[in-house]
file my_file-v1.cif (mmCIF, C-alpha atoms (C1' of nucleotides))
data_start
loop_
_atom_site.label_atom_id
_atom_site.label_comp_id
_atom_site.auth_asym_id
_atom_site.auth_seq_id
_atom_site.Cartn_x
_atom_site.Cartn_y
_atom_site.Cartn_z
CA MET A 32 175.80 101.55 168.39
CA ASN A 33 173.11 99.00 167.65
CA LYS A 34 172.74 95.65 169.32
CA GLU A 35 173.67 93.64 166.24
CA ILE A 36 177.09 95.25 166.03
CA GLU A 37 177.70 94.90 169.74
CA LYS A 38 176.96 91.20 169.40
CA LEU A 39 179.21 90.95 166.38
CA LEU A 40 182.18 92.44 168.20
CA PHE A 41 181.60 90.32 171.28
CA ASN A 42 183.74 87.59 169.73
CA PRO A 43 187.50 87.29 170.11
CA ILE A 44 188.34 86.55 166.49
CA ARG A 45 186.16 89.33 165.12
CA LEU A 46 187.30 91.86 167.71
CA LYS A 47 190.97 91.03 167.15
CA THR A 48 190.43 91.33 163.42
CA ILE A 49 188.83 94.75 163.68
CA SER A 50 191.37 95.83 166.25
CA PHE A 51 194.23 94.90 163.94
CA LEU A 52 192.64 96.51 160.92
CA MET A 53 192.52 99.75 162.90
CA THR A 54 196.32 99.80 162.80
CA VAL A 55 196.98 99.06 159.12
CA GLU A 56 195.90 100.33 155.70
CA THR A 57 195.23 96.87 154.33
CA CYS A 58 196.40 93.38 155.13
CA THR A 59 196.44 89.81 153.88
CA PHE A 60 194.49 86.78 155.02
CA LYS A 61 197.72 85.39 156.38
CA ALA A 62 198.27 88.41 158.62
CA LEU A 63 194.79 88.01 160.08
CA LEU A 64 195.42 84.32 160.63
CA ASP A 65 198.48 85.20 162.71
CA VAL A 66 196.77 87.98 164.64
CA THR A 67 193.68 85.98 165.52
CA ALA A 68 195.36 82.60 165.96
CA SER A 69 192.32 81.13 164.28
CA SER A 70 191.85 78.33 161.78
CA LYS A 71 191.41 79.34 158.15
CA GLY A 72 187.82 78.16 157.92
CA ASN A 73 186.75 79.93 161.06
CA LEU A 74 188.53 83.14 160.12
CA SER A 75 187.02 83.09 156.66
CA ILE A 76 183.53 82.97 158.15
CA GLN A 77 184.17 85.63 160.76
CA ILE A 78 185.60 88.00 158.16
CA LYS A 79 182.58 87.39 155.98
CA LYS A 80 180.29 88.38 158.86
CA LEU A 81 182.25 91.57 159.46
CA ASN A 82 182.05 92.29 155.75
CA GLU A 83 178.30 91.66 155.57
CA ALA A 84 177.80 94.05 158.47
CA GLY A 85 179.76 96.68 156.60
CA LEU A 86 182.69 96.88 159.01
CA VAL A 87 185.32 95.33 156.77
CA LYS A 88 186.09 95.78 153.09
CA ILE A 89 187.28 92.84 151.00
CA GLU A 90 189.04 93.61 147.74
CA LYS A 91 190.00 90.84 145.38
CA TYR A 92 192.22 91.54 142.42
CA PHE A 93 194.86 90.01 140.24
CA GLN A 94 198.50 90.58 140.90
CA LYS A 95 200.20 89.36 137.71
CA SER A 96 197.59 86.69 137.10
CA TYR A 97 197.66 85.65 140.74
CA PRO A 98 194.49 86.28 142.79
CA THR A 99 195.10 88.40 145.88
CA THR A 100 192.80 89.74 148.56
CA ASP A 101 193.16 92.90 150.62
CA TYR A 102 191.26 93.34 153.85
CA SER A 103 190.65 96.76 155.34
CA ILE A 104 188.40 98.49 157.84
CA THR A 105 185.56 100.77 156.74
CA GLU A 106 184.52 104.04 158.33
CA LYS A 107 181.61 102.21 159.92
CA GLY A 108 184.08 99.67 161.22
CA LYS A 109 186.17 102.38 162.83
CA THR A 110 183.31 104.07 164.63
CA SER A 111 181.83 100.72 165.64
CA PHE A 112 185.11 99.69 167.21
CA GLU A 113 185.42 102.98 169.09
CA ASP A 114 181.82 102.81 170.28
CA PHE A 115 182.22 99.22 171.37
CA PHE A 116 185.24 100.07 173.45
CA ASN A 117 183.58 103.03 175.08
CA GLN A 118 180.66 100.84 176.02
CA LEU A 119 182.98 98.24 177.52
CA GLN A 120 184.73 100.98 179.42
CA SER A 121 181.48 101.95 181.06
CA LEU A 122 181.22 98.43 182.42
CA LYS A 123 184.52 98.86 184.16
CA ASN A 124 183.85 102.15 185.94
CA GLU A 125 180.52 101.97 187.72
CA MET B 189 194.43 84.48 182.62
CA ASN B 190 193.66 81.22 180.90
CA LYS B 191 191.81 80.83 177.63
CA GLU B 192 188.74 79.25 179.18
CA ILE B 193 188.06 82.26 181.35
CA GLU B 194 188.69 84.68 178.53
CA LYS B 195 186.13 82.81 176.48
CA LEU B 196 183.71 82.79 179.39
CA LEU B 197 183.85 86.54 179.79
CA PHE B 198 183.53 87.15 176.06
CA ASN B 199 179.77 87.12 176.42
CA PRO B 200 177.61 90.16 177.17
CA ILE B 201 175.39 88.58 179.82
CA ARG B 202 178.26 86.99 181.71
CA LEU B 203 180.47 90.07 181.48
CA LYS B 204 177.67 92.35 182.64
CA THR B 205 176.95 89.97 185.50
CA ILE B 206 180.55 89.92 186.69
CA SER B 207 180.87 93.64 186.13
CA PHE B 208 177.84 94.32 188.31
CA LEU B 209 178.94 91.90 191.02
CA MET B 210 182.18 93.89 191.24
CA THR B 211 180.13 96.80 192.58
CA VAL B 212 177.98 95.08 195.21
CA GLU B 213 178.42 92.75 198.18
CA THR B 214 175.63 90.41 197.09
CA CYS B 215 172.56 90.71 194.92
CA THR B 216 169.35 88.97 193.92
CA PHE B 217 168.46 87.16 190.74
CA LYS B 218 166.08 89.99 189.97
CA ALA B 219 168.87 92.55 190.10
CA LEU B 220 170.92 90.54 187.62
CA LEU B 221 167.90 90.21 185.37
CA ASP B 222 167.63 93.99 185.24
CA VAL B 223 171.35 94.55 184.75
CA THR B 224 171.75 92.02 181.96
CA ALA B 225 168.37 92.54 180.28
CA SER B 226 168.32 88.79 179.78
CA SER B 227 165.57 86.20 179.99
CA LYS B 228 165.40 84.19 183.22
CA GLY B 229 166.35 80.91 181.62
CA ASN B 230 169.33 82.33 179.83
CA LEU B 231 170.53 84.20 182.90
CA SER B 232 170.19 81.10 185.03
CA ILE B 233 172.47 79.17 182.69
CA GLN B 234 175.04 81.92 182.36
CA ILE B 235 175.24 82.32 186.14
CA LYS B 236 175.68 78.59 186.49
CA LYS B 237 178.64 78.70 184.09
CA LEU B 238 180.25 81.51 186.02
CA ASN B 239 179.68 79.54 189.20
CA GLU B 240 181.15 76.34 187.78
CA ALA B 241 184.24 78.27 186.70
CA GLY B 242 184.60 79.57 190.26
CA LEU B 243 183.95 83.23 189.46
CA VAL B 244 180.59 83.57 191.17
CA LYS B 245 179.30 82.28 194.50
CA ILE B 246 175.70 81.16 194.85
CA GLU B 247 174.23 80.96 198.35
CA LYS B 248 170.78 79.57 198.91
CA TYR B 249 169.10 79.91 202.28
CA PHE B 250 165.73 80.36 203.93
CA GLN B 251 164.50 83.74 204.93
CA LYS B 252 161.53 82.97 207.25
CA SER B 253 160.56 79.83 205.37
CA TYR B 254 161.06 81.55 202.03
CA PRO B 255 163.92 80.34 199.80
CA THR B 256 166.30 83.11 198.81
CA THR B 257 169.50 83.19 196.80
CA ASP B 258 172.43 85.54 197.08
CA TYR B 259 174.89 85.98 194.24
CA SER B 260 178.35 87.36 194.80
CA ILE B 261 181.73 87.51 193.11
CA THR B 262 184.67 85.40 194.29
CA GLU B 263 188.30 86.46 194.55
CA LYS B 264 188.98 84.53 191.37
CA GLY B 265 186.11 86.39 189.77
CA LYS B 266 187.61 89.73 190.71
CA THR B 267 191.05 89.02 189.34
CA SER B 268 189.60 87.40 186.22
CA PHE B 269 187.56 90.49 185.52
CA GLU B 270 190.55 92.78 185.98
CA ASP B 271 192.75 90.59 183.82
CA PHE B 272 190.13 90.40 181.12
CA PHE B 273 189.85 94.15 180.99
CA ASN B 274 193.56 94.67 180.83
CA GLN B 275 193.75 92.26 177.95
CA LEU B 276 190.99 94.08 176.11
CA GLN B 277 192.77 97.33 176.74
CA SER B 278 195.82 96.02 174.94
CA LEU B 279 193.65 95.49 171.86
CA LYS B 280 192.73 99.14 171.88
CA ASN B 281 196.22 100.64 172.07
CA GLU B 282 198.42 99.03 169.47
"C1'" DT C 200 140.42 79.44 196.78
"C1'" DA C 201 141.78 81.09 192.71
"C1'" DA C 202 144.79 84.40 190.39
"C1'" DA C 203 149.00 86.53 190.17
"C1'" DC C 204 153.70 87.21 191.56
"C1'" DT C 205 158.57 85.85 192.85
"C1'" DA C 206 162.38 83.09 191.92
"C1'" DG C 207 164.19 80.31 189.57
"C1'" DT C 208 165.26 75.42 186.61
"C1'" DT C 209 164.71 72.31 182.77
"C1'" DT C 210 164.08 71.36 178.14
"C1'" DA C 211 163.80 72.08 173.31
"C1'" DT C 212 165.22 74.74 169.45
"C1'" DT C 213 167.90 77.93 166.91
"C1'" DT C 214 172.20 80.04 166.14
"C1'" DT C 215 177.06 80.17 166.26
"C1'" DA C 216 181.70 78.62 166.42
"C1'" DT C 217 184.94 75.54 165.01
"C1'" DA C 218 187.58 72.12 162.62
"C1'" DA C 219 188.12 69.24 158.89
"C1'" DA C 220 187.92 68.49 154.30
"C1'" DC C 221 188.22 70.36 150.03
"C1'" DC C 222 189.73 73.29 145.91
"C1'" DA C 223 192.76 75.77 142.63
"C1'" DA C 224 196.69 78.05 141.29
"C1'" DA C 225 201.65 78.68 141.94
"C1'" DT C 226 206.03 77.33 143.43
"C1'" DT C 227 209.71 74.22 144.59
"C1'" DA C 228 212.08 69.84 144.46
"C1'" DA C 229 213.33 65.41 142.38
"C1'" DT D 182 208.21 67.00 133.83
"C1'" DT D 183 205.70 65.59 137.24
"C1'" DA D 184 205.03 65.06 142.01
"C1'" DA D 185 204.99 67.34 146.49
"C1'" DT D 186 204.38 71.63 148.97
"C1'" DT D 187 202.75 76.17 149.82
"C1'" DT D 188 199.49 80.01 149.50
"C1'" DG D 189 194.99 81.56 149.94
"C1'" DG D 190 191.14 80.70 150.69
"C1'" DT D 191 185.71 78.29 150.67
"C1'" DT D 192 182.40 74.76 151.84
"C1'" DT D 193 180.55 71.51 154.78
"C1'" DA D 194 179.74 68.84 158.85
"C1'" DT D 195 179.69 68.75 163.71
"C1'" DA D 196 180.02 70.41 168.37
"C1'" DA D 197 178.96 73.95 171.49
"C1'" DA D 198 176.42 77.85 172.96
"C1'" DA D 199 172.64 81.04 173.31
"C1'" DT D 200 168.00 81.71 173.74
"C1'" DA D 201 163.10 81.31 174.60
"C1'" DA D 202 159.42 78.73 176.16
"C1'" DA D 203 157.54 75.78 179.27
"C1'" DC D 204 157.56 74.17 183.75
"C1'" DT D 205 158.03 74.02 189.07
"C1'" DA D 206 157.18 75.54 193.64
"C1'" DG D 207 156.22 78.47 197.20
"C1'" DT D 208 153.88 83.21 198.57
"C1'" DT D 209 151.01 86.84 198.58
"C1'" DT D 210 146.87 89.19 197.34
"C1'" DA D 211 141.82 89.57 195.92
#
call {"tool": "encode", "arguments": {"input": "my_file-v1.cif", "output": "structure tokens"}}
result
Amino acid sequence: MNKEIEKLLFNPIRLKTISFLMTVETCTFKALLDVTASSKGNLSIQIKKLNEAGLVKIEKYFQKSYPTTDYSITEKGKTSFEDFFNQLQSLKNE
Amino acid sequence: MNKEIEKLLFNPIRLKTISFLMTVETCTFKALLDVTASSKGNLSIQIKKLNEAGLVKIEKYFQKSYPTTDYSITEKGKTSFEDFFNQLQSLKNE
DNA sequence: TAAACTAGTTTATTTTATAAACCAAATTAA
DNA sequence: TTAATTTGGTTTATAAAATAAACTAGTTTA
């Protein structure tokens, strides 16, 4: 895992987001708001960073003329999360 | 564990510092520099924050007229580290 | 006695996190 | 039917944090 991604996941909101996305197919913005206990603005930015790094997929579409967004984790997101946790684990058992 | 301490440990340099201090009685600034791969200025500030939060003890004394500093973890530091890890663990297994 | 090393601290700057304000469409309520 | 509320966000302004660079001070080595 590269340093950029480690740094990215070393943030509660982003880690909780990725962690939650590991457990679901897709989810709504609202679900992530609940999970992270973040403000909307902050969450929006943190999701965008995860998306720009290729860890999270954002799909916008219209559900009977109403705009909806689905958030999901990418393959890169999955392996990054696993790697991050393994690295943390090594800090625990020295 | 309170939110302040969780936030404090959600930083690579500080977590690595605490993690390393769990494994030794005391250590030098140099040792922490190596462990964290940080710059001196940054490390100095991060240690100070850990100290102000009561997780790390800083002892300055003279070793034959030469000023020396010993860094060590406090009881609060130990439990905070354990608690932090347990909380992280719960993110992994949902 | 000048250069280099150890052991840091202080300061200035960049980056990041956060909250607040804003926007637009849809729904509900009067 | 129009005003208030809710959903689902984004943008922007500000506060906090991270970082590097510069500085300090004493020691050892050449």
call {"tool": "calpha_fit_and_write", "arguments": {"input": "my_file-v1.cif", "fixed": "chain B", "moving": "chain A", "output": "CSV table (one decimal) with C-alpha atoms, in the coordinates of the input"}}
result
chain,number,residue,atom,x,y,z
A,32,MET,CA,194.4,84.5,182.6
A,33,ASN,CA,193.6,81.2,180.9
A,34,LYS,CA,191.8,80.8,177.7
A,35,GLU,CA,188.7,79.2,179.2
A,36,ILE,CA,188.0,82.3,181.4
A,37,GLU,CA,188.7,84.7,178.5
A,38,LYS,CA,186.1,82.8,176.5
A,39,LEU,CA,183.7,82.8,179.4
A,40,LEU,CA,183.8,86.5,179.8
A,41,PHE,CA,183.5,87.1,176.1
A,42,ASN,CA,179.8,87.1,176.4
A,43,PRO,CA,177.6,90.2,177.2
A,44,ILE,CA,175.4,88.6,179.8
A,45,ARG,CA,178.3,87.0,181.7
A,46,LEU,CA,180.5,90.1,181.5
A,47,LYS,CA,177.7,92.4,182.6
A,48,THR,CA,176.9,90.0,185.5
A,49,ILE,CA,180.5,89.9,186.7
A,50,SER,CA,180.9,93.7,186.1
A,51,PHE,CA,177.8,94.3,188.3
A,52,LEU,CA,178.9,91.9,191.0
A,53,MET,CA,182.2,93.9,191.2
A,54,THR,CA,180.1,96.8,192.6
A,55,VAL,CA,178.0,95.1,195.2
A,56,GLU,CA,178.4,92.8,198.2
A,57,THR,CA,175.6,90.4,197.1
A,58,CYS,CA,172.5,90.7,194.9
A,59,THR,CA,169.4,89.0,193.9
A,60,PHE,CA,168.4,87.1,190.7
A,61,LYS,CA,166.1,90.0,190.0
A,62,ALA,CA,168.9,92.6,190.1
A,63,LEU,CA,170.9,90.5,187.6
A,64,LEU,CA,167.9,90.2,185.4
A,65,ASP,CA,167.6,94.0,185.2
A,66,VAL,CA,171.3,94.6,184.7
A,67,THR,CA,171.7,92.0,182.0
A,68,ALA,CA,168.4,92.5,180.3
A,69,SER,CA,168.3,88.8,179.8
A,70,SER,CA,165.6,86.2,180.0
A,71,LYS,CA,165.4,84.2,183.2
A,72,GLY,CA,166.3,80.9,181.6
A,73,ASN,CA,169.3,82.3,179.8
A,74,LEU,CA,170.5,84.2,182.9
A,75,SER,CA,170.2,81.1,185.0
A,76,ILE,CA,172.4,79.2,182.7
A,77,GLN,CA,175.0,81.9,182.4
A,78,ILE,CA,175.2,82.3,186.1
A,79,LYS,CA,175.7,78.6,186.5
A,80,LYS,CA,178.6,78.7,184.1
A,81,LEU,CA,180.2,81.5,186.0
A,82,ASN,CA,179.7,79.6,189.2
A,83,GLU,CA,181.1,76.4,187.8
A,84,ALA,CA,184.2,78.3,186.7
A,85,GLY,CA,184.6,79.6,190.2
A,86,LEU,CA,183.9,83.3,189.5
A,87,VAL,CA,180.6,83.6,191.2
A,88,LYS,CA,179.3,82.3,194.5
A,89,ILE,CA,175.7,81.2,194.8
A,90,GLU,CA,174.2,81.0,198.3
A,91,LYS,CA,170.8,79.6,198.9
A,92,TYR,CA,169.2,79.9,202.3
A,93,PHE,CA,165.8,80.3,204.0
A,94,GLN,CA,164.5,83.7,205.0
A,95,LYS,CA,161.6,82.9,207.3
A,96,SER,CA,160.7,79.7,205.4
A,97,TYR,CA,161.1,81.4,202.1
A,98,PRO,CA,164.0,80.3,199.8
A,99,THR,CA,166.3,83.1,198.8
A,100,THR,CA,169.5,83.2,196.8
A,101,ASP,CA,172.4,85.6,197.1
A,102,TYR,CA,174.9,86.0,194.2
A,103,SER,CA,178.3,87.4,194.8
A,104,ILE,CA,181.7,87.6,193.1
A,105,THR,CA,184.7,85.4,194.3
A,106,GLU,CA,188.3,86.5,194.5
A,107,LYS,CA,189.0,84.6,191.4
A,108,GLY,CA,186.1,86.4,189.8
A,109,LYS,CA,187.6,89.8,190.7
A,110,THR,CA,191.0,89.0,189.3
A,111,SER,CA,189.6,87.4,186.2
A,112,PHE,CA,187.5,90.5,185.5
A,113,GLU,CA,190.5,92.8,186.0
A,114,ASP,CA,192.7,90.6,183.8
A,115,PHE,CA,190.1,90.4,181.1
A,116,PHE,CA,189.8,94.2,181.0
A,117,ASN,CA,193.6,94.7,180.8
A,118,GLN,CA,193.8,92.2,178.0
A,119,LEU,CA,191.0,94.1,176.1
A,120,GLN,CA,192.8,97.3,176.7
A,121,SER,CA,195.8,96.0,175.0
A,122,LEU,CA,193.7,95.4,171.9
A,123,LYS,CA,192.8,99.1,171.9
A,124,ASN,CA,196.3,100.6,172.1
A,125,GLU,CA,198.6,98.9,169.6
call {"tool": "interface_residues", "arguments": {"input": "my_file-v1.cif", "of": "chain B", "to": "chain D", "cutoff": "8 Å", "atoms": "all atoms listed in the file", "output": "list in words"}}
result
Ser227, Gly229, Asn230 and Tyr254 of chain B
call {"tool": "resolve_selection", "arguments": {"input": "my_file-v1.cif", "expression": "the PyMOL selection byres ((chain A) within 12 of (chain C))", "output": "mmCIF file with C-alpha atoms, in the frame of the given file"}}
result
data_model
loop_
_atom_site.group_PDB
_atom_site.id
_atom_site.type_symbol
_atom_site.label_atom_id
_atom_site.label_comp_id
_atom_site.auth_asym_id
_atom_site.auth_seq_id
_atom_site.Cartn_x
_atom_site.Cartn_y
_atom_site.Cartn_z
ATOM 1 C CA LYS A 38 176.960 91.200 169.400
ATOM 2 C CA LEU A 39 179.210 90.950 166.380
ATOM 3 C CA ASN A 42 183.740 87.590 169.730
ATOM 4 C CA PRO A 43 187.500 87.290 170.110
ATOM 5 C CA ILE A 44 188.340 86.550 166.490
ATOM 6 C CA ARG A 45 186.160 89.330 165.120
ATOM 7 C CA SER A 69 192.320 81.130 164.280
ATOM 8 C CA SER A 70 191.850 78.330 161.780
ATOM 9 C CA LYS A 71 191.410 79.340 158.150
ATOM 10 C CA GLY A 72 187.820 78.160 157.920
ATOM 11 C CA ASN A 73 186.750 79.930 161.060
ATOM 12 C CA LEU A 74 188.530 83.140 160.120
ATOM 13 C CA SER A 75 187.020 83.090 156.660
ATOM 14 C CA ILE A 76 183.530 82.970 158.150
ATOM 15 C CA GLN A 77 184.170 85.630 160.760
ATOM 16 C CA LYS A 80 180.290 88.380 158.860
ATOM 17 C CA LYS A 95 200.200 89.360 137.710
ATOM 18 C CA SER A 96 197.590 86.690 137.100
ATOM 19 C CA TYR A 97 197.660 85.650 140.740
ATOM 20 C CA PRO A 98 194.490 86.280 142.790
ATOM 21 C CA THR A 99 195.100 88.400 145.880
#
call {"tool": "resolve_selection", "arguments": {"input": "my_file-v1.cif", "expression": "the PyMOL selection byres ((chain A) within 8 of (chain B))", "output": "NGL selection string"}}
result
:A and (38 or 41-43 or 47 or 50-51 or 54 or 116 or 122-123 or 125)
call {"tool": "atom_distance", "arguments": {"input": "my_file-v1.cif", "atom1": "atom CA of Glu247 of chain B", "atom2": "atom CA of Phe217 of chain B"}}
result
11.4 Å
call {"tool": "residues_near_point", "arguments": {"input": "my_file-v1.cif", "point": "(176.6, 94.9, 164.2)", "cutoff": "9 Å", "atoms": "all atoms listed in the file", "output": "PyMOL selection string"}}
result
chain A and resi 32-40+81+84-86+111
call {"tool": "atom_distance", "arguments": {"input": "my_file-v1.cif", "atom1": "atom CA of Thr110 of chain A", "atom2": "atom CA of Asn82 of chain A"}}
result
14.8 Å
call {"tool": "atom_distance", "arguments": {"input": "my_file-v1.cif", "atom1": "atom CA of Phe115 of chain A", "atom2": "atom CA of Cys215 of chain B"}}
result
26.8 Å
call {"tool": "decode", "arguments": {"input": "my_file-v1.cif", "residues": "segment 253-276 of chain B", "atoms": "N, CA, C and O atoms", "output": "PDB file, in the first residue's frame"}}
result
ATOM      1  N   SER B 253      26.476  16.617  33.041  1.00  0.00           N
ATOM      2  CA  SER B 253      26.387  17.959  32.442  1.00  0.00           C
ATOM      3  C   SER B 253      25.771  18.005  31.043  1.00  0.00           C
ATOM      4  O   SER B 253      25.746  19.050  30.407  1.00  0.00           O
ATOM      5  N   TYR B 254      25.306  16.848  30.559  1.00  0.00           N
ATOM      6  CA  TYR B 254      24.693  16.859  29.238  1.00  0.00           C
ATOM      7  C   TYR B 254      23.185  16.630  29.351  1.00  0.00           C
ATOM      8  O   TYR B 254      22.751  15.651  29.938  1.00  0.00           O
ATOM      9  N   PRO B 255      22.389  17.540  28.811  1.00  0.00           N
ATOM     10  CA  PRO B 255      20.928  17.412  28.918  1.00  0.00           C
ATOM     11  C   PRO B 255      20.389  16.240  28.110  1.00  0.00           C
ATOM     12  O   PRO B 255      20.700  16.091  26.936  1.00  0.00           O
ATOM     13  N   THR B 256      19.589  15.419  28.760  1.00  0.00           N
ATOM     14  CA  THR B 256      19.023  14.235  28.123  1.00  0.00           C
ATOM     15  C   THR B 256      17.522  14.207  28.378  1.00  0.00           C
ATOM     16  O   THR B 256      17.059  14.768  29.360  1.00  0.00           O
ATOM     17  N   THR B 257      16.792  13.560  27.502  1.00  0.00           N
ATOM     18  CA  THR B 257      15.352  13.438  27.698  1.00  0.00           C
ATOM     19  C   THR B 257      14.927  11.988  27.526  1.00  0.00           C
ATOM     20  O   THR B 257      15.383  11.323  26.606  1.00  0.00           O
ATOM     21  N   ASP B 258      14.099  11.548  28.453  1.00  0.00           N
ATOM     22  CA  ASP B 258      13.530  10.204  28.349  1.00  0.00           C
ATOM     23  C   ASP B 258      12.040  10.309  28.076  1.00  0.00           C
ATOM     24  O   ASP B 258      11.327  11.051  28.749  1.00  0.00           O
ATOM     25  N   TYR B 259      11.579   9.546  27.105  1.00  0.00           N
ATOM     26  CA  TYR B 259      10.157   9.507  26.795  1.00  0.00           C
ATOM     27  C   TYR B 259       9.603   8.155  27.219  1.00  0.00           C
ATOM     28  O   TYR B 259      10.231   7.115  26.986  1.00  0.00           O
ATOM     29  N   SER B 260       8.439   8.185  27.839  1.00  0.00           N
ATOM     30  CA  SER B 260       7.809   6.917  28.223  1.00  0.00           C
ATOM     31  C   SER B 260       6.291   7.062  28.179  1.00  0.00           C
ATOM     32  O   SER B 260       5.754   8.167  28.151  1.00  0.00           O
ATOM     33  N   ILE B 261       5.613   5.931  28.173  1.00  0.00           N
ATOM     34  CA  ILE B 261       4.155   5.937  28.117  1.00  0.00           C
ATOM     35  C   ILE B 261       3.597   5.921  29.538  1.00  0.00           C
ATOM     36  O   ILE B 261       4.199   5.348  30.444  1.00  0.00           O
ATOM     37  N   THR B 262       2.459   6.587  29.717  1.00  0.00           N
ATOM     38  CA  THR B 262       1.811   6.607  31.036  1.00  0.00           C
ATOM     39  C   THR B 262       0.760   5.500  31.088  1.00  0.00           C
ATOM     40  O   THR B 262       0.456   4.873  30.072  1.00  0.00           O
ATOM     41  N   GLU B 263       0.175   5.307  32.258  1.00  0.00           N
ATOM     42  CA  GLU B 263      -0.899   4.322  32.381  1.00  0.00           C
ATOM     43  C   GLU B 263      -2.063   4.699  31.467  1.00  0.00           C
ATOM     44  O   GLU B 263      -2.642   3.863  30.783  1.00  0.00           O
ATOM     45  N   LYS B 264      -2.375   5.993  31.485  1.00  0.00           N
ATOM     46  CA  LYS B 264      -3.451   6.480  30.617  1.00  0.00           C
ATOM     47  C   LYS B 264      -3.129   6.204  29.152  1.00  0.00           C
ATOM     48  O   LYS B 264      -4.007   5.860  28.365  1.00  0.00           O
ATOM     49  N   GLY B 265      -1.860   6.366  28.813  1.00  0.00           N
ATOM     50  CA  GLY B 265      -1.422   6.088  27.455  1.00  0.00           C
ATOM     51  C   GLY B 265      -1.651   4.637  27.072  1.00  0.00           C
ATOM     52  O   GLY B 265      -2.125   4.339  25.971  1.00  0.00           O
ATOM     53  N   LYS B 266      -1.338   3.753  28.004  1.00  0.00           N
ATOM     54  CA  LYS B 266      -1.504   2.317  27.737  1.00  0.00           C
ATOM     55  C   LYS B 266      -2.963   1.958  27.497  1.00  0.00           C
ATOM     56  O   LYS B 266      -3.304   1.302  26.508  1.00  0.00           O
ATOM     57  N   THR B 267      -3.815   2.392  28.386  1.00  0.00           N
ATOM     58  CA  THR B 267      -5.234   2.040  28.225  1.00  0.00           C
ATOM     59  C   THR B 267      -5.829   2.718  26.992  1.00  0.00           C
ATOM     60  O   THR B 267      -6.647   2.133  26.290  1.00  0.00           O
ATOM     61  N   SER B 268      -5.389   3.948  26.720  1.00  0.00           N
ATOM     62  CA  SER B 268      -5.899   4.645  25.537  1.00  0.00           C
ATOM     63  C   SER B 268      -5.534   3.887  24.270  1.00  0.00           C
ATOM     64  O   SER B 268      -6.347   3.753  23.353  1.00  0.00           O
ATOM     65  N   PHE B 269      -4.310   3.412  24.229  1.00  0.00           N
ATOM     66  CA  PHE B 269      -3.851   2.661  23.059  1.00  0.00           C
ATOM     67  C   PHE B 269      -4.659   1.380  22.878  1.00  0.00           C
ATOM     68  O   PHE B 269      -5.117   1.079  21.774  1.00  0.00           O
ATOM     69  N   GLU B 270      -4.859   0.667  23.964  1.00  0.00           N
ATOM     70  CA  GLU B 270      -5.651  -0.576  23.907  1.00  0.00           C
ATOM     71  C   GLU B 270      -7.079  -0.283  23.447  1.00  0.00           C
ATOM     72  O   GLU B 270      -7.612  -0.949  22.558  1.00  0.00           O
ATOM     73  N   ASP B 271      -7.679   0.722  24.056  1.00  0.00           N
ATOM     74  CA  ASP B 271      -9.048   1.088  23.712  1.00  0.00           C
ATOM     75  C   ASP B 271      -9.166   1.481  22.244  1.00  0.00           C
ATOM     76  O   ASP B 271     -10.116   1.098  21.558  1.00  0.00           O
ATOM     77  N   PHE B 272      -8.198   2.252  21.809  1.00  0.00           N
ATOM     78  CA  PHE B 272      -8.205   2.705  20.419  1.00  0.00           C
ATOM     79  C   PHE B 272      -8.176   1.512  19.462  1.00  0.00           C
ATOM     80  O   PHE B 272      -8.935   1.453  18.492  1.00  0.00           O
ATOM     81  N   PHE B 273      -7.328   0.571  19.770  1.00  0.00           N
ATOM     82  CA  PHE B 273      -7.223  -0.606  18.922  1.00  0.00           C
ATOM     83  C   PHE B 273      -8.488  -1.447  18.920  1.00  0.00           C
ATOM     84  O   PHE B 273      -8.915  -1.949  17.881  1.00  0.00           O
ATOM     85  N   ASN B 274      -9.073  -1.586  20.074  1.00  0.00           N
ATOM     86  CA  ASN B 274     -10.322  -2.340  20.136  1.00  0.00           C
ATOM     87  C   ASN B 274     -11.409  -1.691  19.298  1.00  0.00           C
ATOM     88  O   ASN B 274     -12.187  -2.366  18.627  1.00  0.00           O
ATOM     89  N   GLN B 275     -11.418  -0.358  19.349  1.00  0.00           N
ATOM     90  CA  GLN B 275     -12.423   0.363  18.584  1.00  0.00           C
ATOM     91  C   GLN B 275     -12.200   0.187  17.087  1.00  0.00           C
ATOM     92  O   GLN B 275     -13.140  -0.002  16.321  1.00  0.00           O
ATOM     93  N   LEU B 276     -10.940   0.245  16.683  1.00  0.00           N
ATOM     94  CA  LEU B 276     -10.608   0.020  15.275  1.00  0.00           C
ATOM     95  C   LEU B 276     -11.039  -1.377  14.862  1.00  0.00           C
ATOM     96  O   LEU B 276     -11.591  -1.583  13.790  1.00  0.00           O
TER      97      LEU B 276
END
